[in-house]
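This report concerns only the one structure given below.
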Amino acid sequence: MPEGHIVQPRFTVVLPTYNRRDTILRAVGSVCAQTFGDWELVVVDDGSVDGTTGLLLRGADPRVRVLSQPNGGVAVARNAGLRAARGALVAFLDSDDEWTPHHLALADAFFRAHPDEHVYTSEIWQDWGPGRSHNLTRTTMLAAPGPRRGRGMPQGDPYLRFHEARGAIGGWGRAVVDATPHADARHYRAAPFDGWRWGCIVFLQATVITRRAAQTVGPFDERYRIASDYGFMCRLTHTFPVNFFSLPGCLKHETAAGGRGLAEDHLVYGGRTALAFRREVLEQYEAAHCGDDASGDACPLRDHYRLLAARAALLADRADLARELTLGVPLRAGADAWALRAALALPHARAARQFCSAWDRVRWLPHRLALRIGNLRGA
């Protein structure tokens with residue numbers, strides 16, 4: 001091999017991190033444990049001050065590269081990882097999550113068998129500690145505001161609300177799938193953009209794309225420090241069909257090892273950033289889906305996102321902003337609109353927050369029950 005020659009890996013894994021000393025080795029370890037080994041991992045330390053970089057540099061796998069930069073936000077970090085990528089395929093992981101061992105192997109087999117495709121994704125599961133996890137993708141699709149094709153759930157399958165076709169995984173992937181506990185997994189296909197406007201049904205951490213897709217979609221929008229992946233996925237699904245596989249590719253952890261609390265809150269659910277996340281999603285949703293015309297489906301769905309942002313504002317002691325966000329949202333928008341108006345009518349902020357949290361538990365109960373029943377039936 002000529003001196004200085006750089007071998008192109010099959011995958012580049014882009015992993016941004018900030019103050020994740022308590023979880024980073026779990027995430028990196030899940031990449032090292034992949035049954036497919038032709039990858040490079042680009043970890044971008046976004047100005048951590050807890051010793052994350054030093055921890056990564058201790059006896060690291062030679063396939064792991066660590067880049068350090070001043071804190072600029074997750075979009076800046078992901079873009080730095082994309083610029084450094086050498087792989088033919090690009091995969092994404094967050095530093096508080098981990099992959100299942102088959103994730104890259106199935107993605108590799110899929111792209112080899114389907115050279116004209118550009119987007120592979122699978123389920124993401126939410127893990128709350130030992131023995132407590134659930135299928136976040138399935139729950140999200142059950143809870144999304146629409147669409148419903150015909151009456152009820154098509155063939156009892158929530159994934160068919162958002163995908164056009166469902167089929168068996170072909171011979172190209174059987175060896176990989178049969179080695180997992182998910183031999184009954186299916187391959188779903190969706191047209192660009194049609195389902196994405198209804199909710200977050202494609203998660204970045206379980207997604208693999210081609211270099212052409214990455215170049216076509218462009219970088220993450222650095223104006224958004226928290227929710228830039230939402231706009232990125234909007235552009236991706238607007239341009240390329242989505243191939244979704246109904247088996248877990250990623251575990252989204254809500255705790256550190258041993259069930260301990262995270263030292264650094266999630267950007268999405270953390271108390272300091274939840275409101276900013278919801279406002280960024282709302283702004284990007286309006287830009288991507290509404291434009292100058294708020295007619296049709298875009299209007300009620302925009303109401304849905306405004307209510308989510310208003311709830312986050314109320315929980316963050318911003319009742320003034322919550323009222324502003326609910327202006328123009330009609331009560332016909334659903335039970336969430338009624339509940340939020342009731343909470344805002346309460347005289348004390350603490351009571352309003354407690355009401356809002358209680359309502360959240362009530363509204364999610366049917367979806368959790370449906371998910372549990374589906375799991376018991378083997379759905």
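The chains in the structure tokens are called A, B, ... from first to last as shown; in each chain the residues are counted from 1, and the ligands are counted from 1 in the order shown.
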Please extract the residues of stretch 29-233 of chain A with a backbone DSSP assignment of helix (DSSP H, G or I) and present them as an MDAnalysis selection string.
chainID A and resid 29:32 52:56 74:84 103:113 136:143 154:156 158:161 171:178 196:198 204:206 211:217 228:233
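Each of A:Ser30, A:Gln215, A:Ser228, A:Thr12 was checked against A:Phe277 using only C-alpha atoms; the smallest atom-to-atom distance is that of A:Ser228.
We find atom CA of A:Arg65 and atom CA of A:Val44 to be spaced 8.5 Å apart.
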Residues near A:Glu283, cut-off 10 Å, only C-alpha atoms, skip fewer than 3 positions along chain, as a ChimeraX atom specification:
/A:224,231,278-280,286-288,302,305-306
Save out the residues we just selected, C-alpha atoms, as a PDB file, in the first residue's frame.
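Generated output (part.pdb):
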ATOM      1  CA  TYR A 224     -30.581  25.864  16.082  1.00  0.00           C
ATOM      2  CA  GLY A 231     -34.792  20.305  10.062  1.00  0.00           C
ATOM      3  CA  ARG A 278     -40.036  22.922  21.339  1.00  0.00           C
ATOM      4  CA  ARG A 279     -39.744  26.459  19.978  1.00  0.00           C
ATOM      5  CA  GLU A 280     -37.027  25.414  17.542  1.00  0.00           C
ATOM      6  CA  GLU A 286     -43.624  26.121  10.010  1.00  0.00           C
ATOM      7  CA  ALA A 287     -40.756  26.793   7.613  1.00  0.00           C
ATOM      8  CA  ALA A 288     -40.824  23.271   6.167  1.00  0.00           C
ATOM      9  CA  ARG A 302     -49.087  23.499  13.501  1.00  0.00           C
ATOM     10  CA  TYR A 305     -46.737  21.824  17.773  1.00  0.00           C
ATOM     11  CA  ARG A 306     -47.814  25.152  19.260  1.00  0.00           C
TER      12      ARG A 306
END
Length of the atom CA of A:Ala310 to atom CA of A:Ala345 vector [Å]:
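Between atom CA of A:Ala310 and atom CA of A:Ala345 the gap works out to 13.7 Å.
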Between atom CA of A:Leu236 and atom CA of A:Asp127, what is the distance in Å, rounded to a tenth?
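Result for atom CA of A:Leu236 versus atom CA of A:Asp127: 26.8 Å, one decimal.
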Would you please work out which residue, of A:Ala227, A:Val43, A:Val49, A:Ala319, is nearest to A:Ala349 when using only C-alpha atoms?
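Smallest separation from A:Ala349 among the options: A:Ala319.
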Of A:Gly170, A:Thr121, A:Ala185, A:Met233, the one sitting nearest A:Gly218 when using only C-alpha atoms is A:Met233
Applying 7 Å and only C-alpha atoms, which residues near A:Trp128 remain after dropping the ones on its own chain fewer than 2 positions away? List them as a VMD selection string.
chain A and resid 126 132 to 133 253 to 255
Please produce a file of those selected residues containing N, CA and C atoms, as a PDB file, in the first residue's frame.
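What landed in part.pdb:
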ATOM      1  N   GLN A 126     -36.616   3.434  24.116  1.00  0.00           N
ATOM      2  CA  GLN A 126     -36.284   4.304  25.243  1.00  0.00           C
ATOM      3  C   GLN A 126     -36.053   3.438  26.475  1.00  0.00           C
ATOM      4  N   ARG A 132     -36.593  -1.694  32.311  1.00  0.00           N
ATOM      5  CA  ARG A 132     -37.650  -0.753  31.952  1.00  0.00           C
ATOM      6  C   ARG A 132     -37.318  -0.097  30.618  1.00  0.00           C
ATOM      7  N   SER A 133     -37.947  -0.570  29.566  1.00  0.00           N
ATOM      8  CA  SER A 133     -37.732   0.021  28.247  1.00  0.00           C
ATOM      9  C   SER A 133     -38.999  -0.144  27.424  1.00  0.00           C
ATOM     10  N   HIS A 253     -31.043   6.128  26.182  1.00  0.00           N
ATOM     11  CA  HIS A 253     -30.966   5.959  27.626  1.00  0.00           C
ATOM     12  C   HIS A 253     -31.394   7.224  28.372  1.00  0.00           C
ATOM     13  N   GLU A 254     -32.193   7.025  29.396  1.00  0.00           N
ATOM     14  CA  GLU A 254     -32.598   8.113  30.280  1.00  0.00           C
ATOM     15  C   GLU A 254     -31.790   8.110  31.575  1.00  0.00           C
ATOM     16  N   THR A 255     -30.881   7.160  31.722  1.00  0.00           N
ATOM     17  CA  THR A 255     -30.046   7.073  32.917  1.00  0.00           C
ATOM     18  C   THR A 255     -28.611   6.765  32.511  1.00  0.00           C
TER      19      THR A 255
END
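Closest approach to A:Leu327 among A:Leu160, A:Leu307, A:Val202, A:Leu67 is made by A:Leu307 (distances from only C-alpha atoms).
The nearest approach to A:Val176 among the residues A:Glu123, A:Glu222, A:Asp116, A:Asp108, with only C-alpha atoms taken into account, belongs to A:Asp108.
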